[in-house]
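Source file: my_file38.cif. Holds: mmCIF, C-alpha atoms.
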data_start
loop_
_atom_site.group_PDB
_atom_site.id
_atom_site.type_symbol
_atom_site.label_atom_id
_atom_site.label_comp_id
_atom_site.auth_asym_id
_atom_site.auth_seq_id
_atom_site.Cartn_x
_atom_site.Cartn_y
_atom_site.Cartn_z
ATOM 1 C CA MET S 209 -65.565 -46.893 52.077
ATOM 2 C CA LYS S 210 -62.292 -48.711 51.465
ATOM 3 C CA ILE S 211 -58.814 -48.166 52.887
ATOM 4 C CA ARG S 212 -55.840 -47.861 50.560
ATOM 5 C CA SER S 213 -52.186 -47.681 51.539
ATOM 6 C CA LEU S 214 -50.378 -44.974 49.558
ATOM 7 C CA ASP S 215 -46.787 -43.816 49.146
ATOM 8 C CA GLY S 216 -46.352 -40.494 50.935
ATOM 9 C CA ASP S 217 -43.405 -39.618 48.685
ATOM 10 C CA ALA S 218 -45.365 -40.085 45.458
ATOM 11 C CA PRO S 219 -46.570 -36.901 43.696
ATOM 12 C CA ALA S 220 -49.826 -38.717 42.845
ATOM 13 C CA THR S 221 -50.565 -39.127 46.571
ATOM 14 C CA ILE S 222 -50.078 -35.415 47.212
ATOM 15 C CA ALA S 223 -52.262 -34.513 44.224
ATOM 16 C CA ALA S 224 -55.043 -36.823 45.433
ATOM 17 C CA LEU S 225 -55.042 -35.456 48.994
ATOM 18 C CA LEU S 226 -54.483 -31.763 48.292
ATOM 19 C CA PRO S 227 -58.133 -30.750 47.608
ATOM 20 C CA GLY S 228 -59.393 -32.386 50.805
ATOM 21 C CA PHE S 229 -56.593 -30.888 52.873
ATOM 22 C CA ARG S 230 -57.152 -27.419 51.500
ATOM 23 C CA GLU S 231 -60.834 -27.589 52.403
ATOM 24 C CA THR S 232 -60.064 -29.025 55.850
ATOM 25 C CA MET S 233 -57.406 -26.471 56.765
ATOM 26 C CA SER S 234 -59.525 -23.573 55.533
ATOM 27 C CA LEU S 235 -62.023 -24.611 58.218
ATOM 28 C CA GLU S 236 -59.629 -25.667 60.979
ATOM 29 C CA LEU S 237 -57.011 -22.913 60.510
ATOM 30 C CA PRO S 238 -58.733 -20.158 58.517
ATOM 31 C CA ALA S 239 -56.007 -17.564 59.150
ATOM 32 C CA ASP S 240 -53.330 -19.702 57.482
ATOM 33 C CA PRO S 241 -52.199 -19.334 53.864
ATOM 34 C CA PRO S 242 -53.685 -22.019 51.563
ATOM 35 C CA VAL S 243 -52.068 -25.437 51.839
ATOM 36 C CA THR S 244 -49.458 -25.883 49.103
ATOM 37 C CA GLN S 245 -48.096 -28.993 47.429
ATOM 38 C CA ALA S 246 -44.734 -28.356 49.109
ATOM 39 C CA LEU S 247 -46.294 -28.240 52.573
ATOM 40 C CA LEU S 248 -48.287 -31.424 52.001
ATOM 41 C CA ALA S 249 -45.256 -33.180 50.523
ATOM 42 C CA ARG S 250 -43.294 -32.290 53.657
ATOM 43 C CA LEU S 251 -46.068 -33.579 55.928
ATOM 44 C CA PHE S 252 -46.349 -36.920 54.153
ATOM 45 C CA GLN S 253 -42.799 -37.736 53.131
ATOM 46 C CA ARG S 254 -40.928 -40.558 54.823
ATOM 47 C CA ARG S 255 -38.488 -38.952 57.237
ATOM 48 C CA HIS S 256 -34.940 -40.170 57.760
ATOM 49 C CA GLY S 257 -34.843 -43.202 60.064
ATOM 50 C CA THR S 258 -38.573 -43.883 59.871
ATOM 51 C CA GLU S 259 -41.187 -45.975 58.157
ATOM 52 C CA ARG S 260 -44.106 -43.859 56.938
ATOM 53 C CA LEU S 261 -47.645 -45.237 56.824
ATOM 54 C CA VAL S 262 -50.220 -43.340 54.760
ATOM 55 C CA LEU S 263 -53.664 -44.917 54.928
ATOM 56 C CA VAL S 264 -56.447 -43.243 52.950
ATOM 57 C CA ALA S 265 -60.191 -43.864 53.210
ATOM 58 C CA TYR S 266 -61.790 -43.703 49.767
ATOM 59 C CA ASP S 267 -65.436 -43.121 48.982
ATOM 60 C CA GLY S 268 -65.468 -44.465 45.454
ATOM 61 C CA ASP S 269 -62.568 -42.671 43.773
ATOM 62 C CA THR S 270 -62.544 -39.714 46.180
ATOM 63 C CA PRO S 271 -60.335 -39.509 49.289
ATOM 64 C CA ALA S 272 -62.521 -39.072 52.364
ATOM 65 C CA GLY S 273 -59.788 -38.916 55.004
ATOM 66 C CA VAL S 274 -56.251 -39.969 55.821
ATOM 67 C CA LEU S 275 -54.145 -41.354 58.645
ATOM 68 C CA LYS S 276 -50.404 -40.750 58.474
ATOM 69 C CA LEU S 277 -48.017 -42.326 60.957
ATOM 70 C CA GLY S 278 -44.254 -42.218 61.393
ATOM 71 C CA LEU S 279 -42.542 -45.236 62.953
ATOM 72 C CA ASP S 280 -39.081 -44.774 64.443
ATOM 73 C CA LEU S 281 -37.002 -47.669 63.055
ATOM 74 C CA GLY S 282 -34.544 -47.254 65.931
ATOM 75 C CA ASP S 283 -37.340 -48.036 68.410
ATOM 76 C CA PRO S 284 -38.946 -51.253 67.090
ATOM 77 C CA ALA S 285 -41.590 -51.400 69.832
ATOM 78 C CA GLY S 286 -42.294 -47.670 69.851
ATOM 79 C CA PRO S 287 -45.514 -45.925 68.855
ATOM 80 C CA GLY S 288 -46.745 -44.878 65.467
ATOM 81 C CA HIS S 289 -47.147 -41.108 65.766
ATOM 82 C CA GLY S 290 -48.960 -38.858 63.335
ATOM 83 C CA SER S 291 -52.394 -37.430 62.631
ATOM 84 C CA LEU S 292 -55.833 -38.470 61.417
ATOM 85 C CA TRP S 293 -58.008 -36.219 59.288
ATOM 86 C CA VAL S 294 -61.495 -36.756 57.893
ATOM 87 C CA PHE S 295 -62.351 -34.270 55.165
ATOM 88 C CA PRO S 296 -65.421 -32.081 55.849
ATOM 89 C CA ALA S 297 -67.822 -33.605 53.315
ATOM 90 C CA PHE S 298 -67.306 -37.106 54.756
ATOM 91 C CA ARG S 299 -67.529 -36.560 58.495
ATOM 92 C CA ARG S 300 -69.827 -38.613 60.748
ATOM 93 C CA ARG S 301 -69.892 -41.404 58.161
ATOM 94 C CA GLY S 302 -67.438 -43.834 59.743
ATOM 95 C CA ALA S 303 -64.256 -42.869 57.876
ATOM 96 C CA GLY S 304 -62.427 -41.960 61.075
ATOM 97 C CA ARG S 305 -63.192 -45.285 62.728
ATOM 98 C CA LEU S 306 -62.083 -47.179 59.624
ATOM 99 C CA LEU S 307 -58.806 -45.292 59.528
ATOM 100 C CA ALA S 308 -58.116 -45.829 63.235
ATOM 101 C CA ALA S 309 -58.822 -49.555 62.923
ATOM 102 C CA ALA S 310 -56.606 -49.835 59.846
ATOM 103 C CA GLY S 311 -53.813 -47.977 61.643
ATOM 104 C CA LEU S 312 -53.980 -50.240 64.692
ATOM 105 C CA SER S 313 -53.950 -53.313 62.450
ATOM 106 C CA ALA S 314 -50.881 -52.047 60.569
ATOM 107 C CA LEU S 315 -49.080 -51.363 63.859
ATOM 108 C CA ARG S 316 -49.892 -54.842 65.218
ATOM 109 C CA GLU S 317 -48.444 -56.386 62.054
ATOM 110 C CA ARG S 318 -45.193 -54.573 62.870
ATOM 111 C CA GLY S 319 -45.087 -55.605 66.523
ATOM 112 C CA ARG S 320 -46.205 -52.226 67.822
ATOM 113 C CA ASP S 321 -49.161 -51.556 70.068
ATOM 114 C CA LEU S 322 -49.580 -47.790 70.451
ATOM 115 C CA LEU S 323 -51.026 -45.216 68.055
ATOM 116 C CA LEU S 324 -50.471 -41.528 68.853
ATOM 117 C CA ALA S 325 -52.423 -38.929 66.888
ATOM 118 C CA ASP S 326 -52.328 -35.145 67.137
ATOM 119 C CA ALA S 327 -55.455 -33.078 66.498
ATOM 120 C CA PRO S 328 -56.578 -29.486 67.077
ATOM 121 C CA ARG S 329 -58.044 -29.248 70.566
ATOM 122 C CA GLY S 330 -61.812 -29.016 70.455
ATOM 123 C CA THR S 331 -65.141 -30.708 71.075
ATOM 124 C CA ALA S 332 -65.127 -32.762 67.875
ATOM 125 C CA ALA S 333 -61.698 -34.287 68.534
ATOM 126 C CA GLU S 334 -62.529 -34.961 72.181
ATOM 127 C CA ARG S 335 -65.790 -36.656 71.240
ATOM 128 C CA PHE S 336 -64.142 -38.815 68.566
ATOM 129 C CA ALA S 337 -61.327 -39.823 70.937
ATOM 130 C CA ALA S 338 -63.841 -40.783 73.615
ATOM 131 C CA GLU S 339 -65.759 -42.937 71.121
ATOM 132 C CA LEU S 340 -62.542 -44.804 70.289
ATOM 133 C CA GLY S 341 -61.430 -45.107 73.907
ATOM 134 C CA ALA S 342 -58.333 -42.962 73.288
ATOM 135 C CA GLN S 343 -56.700 -41.006 76.093
ATOM 136 C CA CYS S 344 -55.254 -37.487 75.894
ATOM 137 C CA VAL S 345 -51.576 -37.843 76.837
ATOM 138 C CA GLY S 346 -50.072 -34.486 75.876
ATOM 139 C CA GLU S 347 -50.658 -30.995 74.549
ATOM 140 C CA THR S 348 -48.865 -28.879 71.994
ATOM 141 C CA VAL S 349 -49.204 -25.177 71.336
ATOM 142 C CA ARG S 350 -48.789 -23.693 67.876
ATOM 143 C CA ASN S 351 -46.967 -20.380 68.125
ATOM 144 C CA ARG S 352 -46.824 -17.932 65.227
ATOM 145 C CA LEU S 353 -44.655 -14.909 64.537
ATOM 146 C CA ARG S 354 -45.610 -12.147 62.121
ATOM 147 C CA THR S 355 -42.289 -11.065 60.670
ATOM 148 C CA ALA S 356 -43.470 -7.542 59.806
ATOM 149 C CA GLY S 357 -45.387 -6.951 63.032
ATOM 150 C CA PRO S 358 -44.410 -5.420 66.375
ATOM 151 C CA ALA S 359 -42.161 -8.418 67.057
ATOM 152 C CA ARG S 360 -39.698 -7.236 64.396
ATOM 153 C CA ALA S 361 -38.265 -4.564 66.683
ATOM 154 C CA VAL S 362 -37.981 -7.096 69.511
ATOM 155 C CA LEU S 363 -36.114 -9.515 67.246
ATOM 156 C CA GLU S 364 -33.732 -6.877 65.922
ATOM 157 C CA ALA S 365 -32.939 -5.713 69.441
ATOM 158 C CA ALA S 366 -32.243 -9.268 70.621
ATOM 159 C CA ALA S 367 -30.124 -10.041 67.553
ATOM 160 C CA SER S 368 -28.012 -6.951 68.218
ATOM 161 C CA ARG S 369 -26.992 -8.119 71.704
ATOM 162 C CA PRO S 370 -24.132 -10.623 71.234
ATOM 163 C CA VAL S 371 -23.210 -13.000 74.028
ATOM 164 C CA PRO S 372 -19.617 -12.412 75.143
ATOM 165 C CA GLY S 373 -17.290 -15.260 74.238
ATOM 166 C CA TYR S 374 -19.361 -16.535 71.303
ATOM 167 C CA ARG S 375 -19.846 -15.835 67.618
ATOM 168 C CA LEU S 376 -22.627 -16.698 65.178
ATOM 169 C CA VAL S 377 -22.365 -18.392 61.805
ATOM 170 C CA SER S 378 -25.239 -18.899 59.389
ATOM 171 C CA TRP S 379 -26.037 -20.837 56.248
ATOM 172 C CA ASP S 380 -28.886 -21.651 53.872
ATOM 173 C CA GLY S 381 -29.104 -25.130 52.432
ATOM 174 C CA PRO S 382 -26.444 -27.728 53.308
ATOM 175 C CA CYS S 383 -24.274 -27.238 56.360
ATOM 176 C CA PRO S 384 -20.703 -26.163 55.465
ATOM 177 C CA ASP S 385 -18.271 -29.073 55.409
ATOM 178 C CA ASP S 386 -16.060 -27.573 58.104
ATOM 179 C CA LEU S 387 -18.976 -27.423 60.565
ATOM 180 C CA VAL S 388 -21.006 -30.510 59.742
ATOM 181 C CA GLU S 389 -19.290 -32.918 62.164
ATOM 182 C CA SER S 390 -19.742 -30.641 65.182
ATOM 183 C CA TYR S 391 -23.288 -29.838 63.999
ATOM 184 C CA ALA S 392 -24.079 -33.566 64.041
ATOM 185 C CA ARG S 393 -22.618 -33.897 67.552
ATOM 186 C CA ALA S 394 -24.760 -31.009 68.796
ATOM 187 C CA TRP S 395 -27.865 -32.566 67.214
ATOM 188 C CA SER S 396 -27.233 -35.722 69.275
ATOM 189 C CA ALA S 397 -28.208 -33.787 72.423
ATOM 190 C CA LEU S 398 -31.759 -33.243 71.151
ATOM 191 C CA GLU S 399 -34.112 -35.308 73.314
ATOM 192 C CA GLU S 400 -37.585 -34.144 72.346
ATOM 193 C CA ARG S 401 -39.665 -36.603 70.317
ATOM 194 C CA VAL S 402 -41.175 -35.007 67.211
ATOM 195 C CA ASN S 403 -44.395 -36.193 65.589
ATOM 196 C CA GLY S 404 -43.589 -38.772 62.914
ATOM 197 C CA GLN S 405 -39.814 -38.363 63.093
ATOM 198 C CA ALA S 406 -37.073 -40.656 64.325
ATOM 199 C CA ARG S 407 -34.823 -39.801 67.219
ATOM 200 C CA ILE S 408 -31.378 -40.269 65.716
ATOM 201 C CA ARG S 409 -29.332 -41.579 68.639
ATOM 202 C CA ARG S 410 -25.825 -40.911 67.307
ATOM 203 C CA PRO S 411 -26.163 -38.494 64.399
ATOM 204 C CA SER S 412 -23.396 -38.604 61.807
ATOM 205 C CA VAL S 413 -22.500 -36.428 58.852
ATOM 206 C CA ALA S 414 -24.507 -38.853 56.704
ATOM 207 C CA ASP S 415 -27.576 -38.274 58.897
ATOM 208 C CA VAL S 416 -27.237 -34.504 58.507
ATOM 209 C CA ARG S 417 -26.957 -34.823 54.746
ATOM 210 C CA ALA S 418 -29.933 -37.196 54.605
ATOM 211 C CA ARG S 419 -32.100 -34.755 56.550
ATOM 212 C CA GLU S 420 -31.056 -31.891 54.283
ATOM 213 C CA ALA S 421 -31.844 -33.953 51.193
ATOM 214 C CA GLU S 422 -35.319 -34.917 52.402
ATOM 215 C CA ALA S 423 -36.173 -31.248 53.017
ATOM 216 C CA ALA S 424 -34.997 -30.362 49.510
ATOM 217 C CA ARG S 425 -37.099 -33.153 47.968
ATOM 218 C CA ALA S 426 -40.200 -31.570 49.507
ATOM 219 C CA GLY S 427 -39.325 -28.077 48.293
ATOM 220 C CA HIS S 428 -38.028 -26.815 51.653
ATOM 221 C CA ARG S 429 -34.769 -24.930 52.183
ATOM 222 C CA PRO S 430 -33.137 -25.127 55.616
ATOM 223 C CA SER S 431 -31.849 -21.892 57.093
ATOM 224 C CA VAL S 432 -29.617 -22.235 60.155
ATOM 225 C CA VAL S 433 -27.872 -19.970 62.647
ATOM 226 C CA ALA S 434 -25.331 -21.617 64.938
ATOM 227 C CA ALA S 435 -23.219 -20.399 67.849
ATOM 228 C CA LEU S 436 -19.549 -21.260 68.286
ATOM 229 C CA PRO S 437 -17.085 -20.235 70.996
ATOM 230 C CA GLU S 438 -15.276 -17.104 69.917
ATOM 231 C CA ASP S 439 -11.970 -18.963 69.728
ATOM 232 C CA GLY S 440 -13.395 -22.382 68.784
ATOM 233 C CA THR S 441 -14.597 -24.243 65.703
ATOM 234 C CA GLY S 442 -17.352 -26.465 67.099
ATOM 235 C CA VAL S 443 -21.106 -25.806 67.105
ATOM 236 C CA VAL S 444 -22.453 -25.439 70.664
ATOM 237 C CA ALA S 445 -25.949 -24.178 69.804
ATOM 238 C CA TYR S 446 -28.162 -23.807 66.752
ATOM 239 C CA SER S 447 -31.644 -22.937 65.536
ATOM 240 C CA THR S 448 -33.268 -24.052 62.276
ATOM 241 C CA LEU S 449 -35.972 -22.751 59.956
ATOM 242 C CA PHE S 450 -37.491 -24.360 56.855
ATOM 243 C CA VAL S 451 -38.590 -21.983 54.093
ATOM 244 C CA ARG S 452 -40.803 -22.999 51.169
ATOM 245 C CA ASP S 453 -42.648 -21.250 48.353
ATOM 246 C CA SER S 454 -45.233 -19.827 50.734
ATOM 247 C CA PRO S 455 -45.812 -16.808 52.994
ATOM 248 C CA MET S 456 -45.361 -19.182 55.946
ATOM 249 C CA ALA S 457 -42.215 -21.008 57.104
ATOM 250 C CA ASP S 458 -41.685 -23.641 59.791
ATOM 251 C CA ALA S 459 -39.276 -23.166 62.673
ATOM 252 C CA GLY S 460 -37.407 -26.341 63.550
ATOM 253 C CA GLU S 461 -35.453 -27.105 66.691
ATOM 254 C CA THR S 462 -33.489 -24.713 68.862
ATOM 255 C CA LEU S 463 -30.778 -26.369 70.923
ATOM 256 C CA VAL S 464 -28.032 -25.191 73.278
ATOM 257 C CA LEU S 465 -25.612 -27.752 74.671
ATOM 258 C CA PRO S 466 -25.856 -28.014 78.485
ATOM 259 C CA PRO S 467 -22.495 -26.393 79.390
ATOM 260 C CA HIS S 468 -23.494 -23.278 77.434
ATOM 261 C CA ARG S 469 -27.022 -22.739 78.726
ATOM 262 C CA ARG S 470 -28.375 -19.814 80.781
ATOM 263 C CA ARG S 471 -26.318 -17.259 78.862
ATOM 264 C CA SER S 472 -29.052 -16.023 76.466
ATOM 265 C CA ILE S 473 -27.421 -17.780 73.500
ATOM 266 C CA ALA S 474 -30.764 -19.229 72.346
ATOM 267 C CA THR S 475 -32.382 -15.778 72.395
ATOM 268 C CA TRP S 476 -29.526 -14.259 70.409
ATOM 269 C CA LEU S 477 -29.225 -16.884 67.699
ATOM 270 C CA LYS S 478 -32.954 -17.487 67.180
ATOM 271 C CA ALA S 479 -33.587 -13.745 66.927
ATOM 272 C CA GLU S 480 -30.810 -13.516 64.323
ATOM 273 C CA LEU S 481 -32.351 -16.429 62.408
ATOM 274 C CA MET S 482 -35.777 -14.752 62.289
ATOM 275 C CA VAL S 483 -34.321 -11.390 61.246
ATOM 276 C CA ARG S 484 -32.260 -13.014 58.463
ATOM 277 C CA ALA S 485 -35.230 -14.992 57.204
ATOM 278 C CA ALA S 486 -37.472 -11.914 57.029
ATOM 279 C CA ARG S 487 -34.756 -9.888 55.303
ATOM 280 C CA ASP S 488 -33.863 -12.555 52.726
ATOM 281 C CA ASN S 489 -37.358 -13.811 51.835
ATOM 282 C CA ASP S 490 -39.697 -11.115 50.536
ATOM 283 C CA ARG S 491 -42.763 -13.379 50.637
ATOM 284 C CA LEU S 492 -42.288 -14.493 54.218
ATOM 285 C CA ALA S 493 -45.019 -13.133 56.489
ATOM 286 C CA LEU S 494 -45.459 -15.857 59.126
ATOM 287 C CA VAL S 495 -43.292 -18.330 61.001
ATOM 288 C CA GLN S 496 -45.003 -21.178 62.831
ATOM 289 C CA VAL S 497 -43.644 -23.585 65.398
ATOM 290 C CA PHE S 498 -45.249 -26.355 67.431
ATOM 291 C CA ASN S 499 -44.060 -26.693 71.037
ATOM 292 C CA ASP S 500 -44.830 -29.290 73.664
ATOM 293 C CA THR S 501 -46.447 -27.303 76.481
ATOM 294 C CA ALA S 502 -44.287 -29.263 78.927
ATOM 295 C CA ASN S 503 -41.164 -27.733 77.370
ATOM 296 C CA THR S 504 -41.515 -24.527 79.321
ATOM 297 C CA ALA S 505 -38.061 -23.179 78.412
ATOM 298 C CA VAL S 506 -38.751 -23.204 74.669
ATOM 299 C CA VAL S 507 -42.296 -21.888 75.116
ATOM 300 C CA ALA S 508 -40.913 -19.002 77.185
ATOM 301 C CA LEU S 509 -38.179 -18.306 74.612
ATOM 302 C CA ASN S 510 -40.687 -18.046 71.776
ATOM 303 C CA ARG S 511 -42.952 -15.777 73.798
ATOM 304 C CA LYS S 512 -39.974 -13.540 74.606
ATOM 305 C CA LEU S 513 -39.210 -13.198 70.885
ATOM 306 C CA GLY S 514 -42.769 -12.208 69.987
ATOM 307 C CA PHE S 515 -44.357 -15.516 68.994
ATOM 308 C CA GLU S 516 -48.027 -15.726 69.945
ATOM 309 C CA ALA S 517 -50.087 -18.850 70.585
ATOM 310 C CA ASP S 518 -52.904 -19.230 68.080
ATOM 311 C CA SER S 519 -54.067 -22.824 68.581
ATOM 312 C CA HIS S 520 -53.629 -25.799 70.870
ATOM 313 C CA TRP S 521 -53.334 -29.426 69.811
ATOM 314 C CA SER S 522 -53.938 -32.584 71.794
ATOM 315 C CA THR S 523 -52.086 -35.877 71.450
ATOM 316 C CA TYR S 524 -54.339 -38.923 71.855
ATOM 317 C CA ALA S 525 -53.109 -42.432 72.600
ATOM 318 C CA LEU S 526 -54.943 -45.521 71.361
ATOM 319 C CA LYS S 527 -53.751 -49.005 72.322
ATOM 320 C CA ALA S 528 -53.751 -51.718 69.687
#

Translate this file's structure into structure tokens.
Amino acid sequence: MKIRSLDGDAPATIAALLPGFRETMSLELPADPPVTQALLARLFQRRHGTERLVLVAYDGDTPAGVLKLGLDLGDPAGPGHGSLWVFPAFRRRGAGRLLAAAGLSALRERGRDLLLADAPRGTAAERFAAELGAQCVGETVRNRLRTAGPARAVLEAAASRPVPGYRLVSWDGPCPDDLVESYARAWSALEERVNGQARIRRPSVADVRAREAEAARAGHRPSVVAALPEDGTGVVAYSTLFVRDSPMADAGETLVLPPHRRRSIATWLKAELMVRAARDNDRLALVQVFNDTANTAVVALNRKLGFEADSHWSTYALKA
């Protein structure tokens, strides 16, 4: 097998990897809708503020597995964080080891010494990590919401209970010009590191527009509900959702600025976001979100709104 470095933003890369990913996900996550080009494009695209590495193991002309890593350009010594997949027909043939070694080598060339990879929790991943000498350093839970299930009544009830002193605004696509500066300021309070994405330290209007544009390039439309003080014009809380041509959408971040917490604003605005999304998108049947299990507040919020855990993922650390 040979390792090739590919461009994650190139349609040819997505076309080459799509068959292997569809087969892999049908085994790993059989209840999910089939993997689409838009989903794969979103997974592999270079995110704003990052360098994206896409290393593919080829058996002849056929992709056997892939390692994708995002490197935060604002943290030059930080980890490369992503995921490693070996496609079912090529497992136990050394592709995973080749990809891990190639990833570590690429990180060393860039002055970095830590590879973080997320994988579904299970015996196979644990065994492979042990063989490489990788350590489990974190866990993530994937929560899913069925928009037409029993949770719908819970969401509608929560969305109908406004928080005194606040009002909600919503938009699909780009943030309105009159809100974008305060939206960027609110985003700056986000502290959680996301797999393969940069932590933008001082977000600007340009950063907001860049993030919106990258979603659009991958066939994803942002849908946002934000909270503002009843007599104010600045965003103090927001929740995001990314909709694509699929029965499943991805929830993004939910954030409430510290002075406005513990007032049920997050419950109100996220419930409104889910209700709007289900009402405005006939195909939408599922919403998924990945949460760090250590973020107990967000995990509890999603459970309150009717999200249910369906799988757990482990983050493994491998030193270069």

Open item on the list: Running the PyMOL selection byres ((chain S and resi 328) around 6) on this model by hand, what would come out? Give it as a ChimeraX atom specification.
Closed with: /S:327,329,521

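Distance check against Thr348 (chain S) using all atoms listed in the file: of S:Asn403, S:Asn489, S:Thr270, S:Ser313, the minimum falls on S:Asn403.
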
Open item on the list: as a ChimeraX atom specification, please: the residues near Ala332 (chain S) (cut-off 12 Å, all atoms listed in the file, same-chain neighbours under 6 positions excluded).
Closed with: /S:236,293-294,299-300,304,338-339,522

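Picked by the PyMOL selection byres ((chain S and resi 222) around 10) from the coordinates shown: Leu214, Asp215, Gly216, Asp217, Ala218, Pro219, Ala220, Thr221, Ala223, Ala224, Leu225, Leu226, Pro227, Phe229, Thr244, Gln245, Ala246, Leu247, Leu248, Ala249, Arg250, Leu251, Phe252 and Gln253 of chain S.
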
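All residues that come within 9 Å of the coordinates (-63.5, -45.3, 53.9), counting all atoms listed in the file, are given as Met209, Lys210, Ile211, Arg212, Val264, Ala265, Tyr266, Asp267, Gly268, Pro271, Ala272, Gly273, Arg301, Gly302, Ala303, Gly304, Arg305, Leu306 and Leu307 of chain S.
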
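With the shown file loaded, the PyMOL selection byres ((chain S and resi 438) around 12) picks out S:Pro370, S:Val371, S:Pro372, S:Gly373, S:Tyr374, S:Arg375, S:Leu376, S:Val377, S:Ala435, S:Leu436, S:Pro437, S:Asp439, S:Gly440, S:Thr441, S:Gly442, S:Val443, S:Val444.
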
Open item on the list: Here's a test: counting only C-alpha atoms, identify every protein, DNA and RNA residue with an atom at most 8 Å from (-31.8, -22.0, 57.4) in the file's coordinate frame, and state them as a PyMOL selection string.
Closed with: chain S and resi 378-381+429-433+448-451+481+485

Residue subset to file, keeping C-alpha atoms, as a tab-separated table (two decimals), in the coordinates of the input:
chain	number	residue	atom	x	y	z
S	378	SER	CA	-25.24	-18.90	59.39
S	379	TRP	CA	-26.04	-20.84	56.25
S	380	ASP	CA	-28.89	-21.65	53.87
S	381	GLY	CA	-29.10	-25.13	52.43
S	429	ARG	CA	-34.77	-24.93	52.18
S	430	PRO	CA	-33.14	-25.13	55.62
S	431	SER	CA	-31.85	-21.89	57.09
S	432	VAL	CA	-29.62	-22.24	60.16
S	433	VAL	CA	-27.87	-19.97	62.65
S	448	THR	CA	-33.27	-24.05	62.28
S	449	LEU	CA	-35.97	-22.75	59.96
S	450	PHE	CA	-37.49	-24.36	56.86
S	451	VAL	CA	-38.59	-21.98	54.09
S	481	LEU	CA	-32.35	-16.43	62.41
S	485	ALA	CA	-35.23	-14.99	57.20

All file atoms of region 349-360 of chain S boxed axis-aligned, 3 Å per side, centre plus edges, as lines of an AutoDock Vina configuration file:
center_x = -44.5
center_y = -15.3
center_z = 65.6
size_x = 15.5
size_y = 25.8
size_z = 17.5

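Using all atoms listed in the file, the smallest distance between any of S:Met456, S:Ala505, S:Ala314, S:Ala337 and Asp490 (chain S) comes from S:Met456.
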
- [ ] Would you mind listing what lies within 10 Å of Glu364 (chain S) as JSON, numbers by chain, with only C-alpha atoms counted and same-chain residues fewer than 6 positions away left out?
- [x] {"S": [476, 479, 480, 482, 483, 484, 513]}

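If you measure from each of S:Asp326, S:Trp395, S:Gly282, S:Ala474 to Val349 (chain S) using all atoms listed in the file, the closest one turns out to be S:Asp326.
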
- [ ] Could you give me, as a PyMOL selection string, the residues within 12 Å of Arg254 (chain S), counting only C-alpha atoms and dropping anything in the same chain fewer than 4 positions from it?
- [x] chain S and resi 214-218+249-250+258-262+276-281+290+404-406+418-419+421-423+425-426

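CA of Val416 (chain S) sits 23.2 Å away from CA of Gly288 (chain S).
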
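One distance worth recording is that between CA of Pro287 (chain S) and CA of Glu317 (chain S), which is 12.8 Å.
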
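The space between CA of His256 (chain S) and CA of Ile408 (chain S) spans 8.7 Å.
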
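Comparing the minimum interatomic distances between His289 (chain S) and each of S:Leu398, S:Ala392, S:Leu275, S:Ala434, counting all atoms listed in the file, we find that S:Leu275 sits nearest.
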
Open item on the list: Can you pull out the residues contacting Tyr524 (chain S)? Cut-off 9 Å, using all atoms listed in the file, and skip same-chain residues under 3 positions away; I want them as JSON, numbers by chain.
Closed with: {"S": [323, 324, 325, 326, 327, 337, 342, 343, 344, 345, 346]}
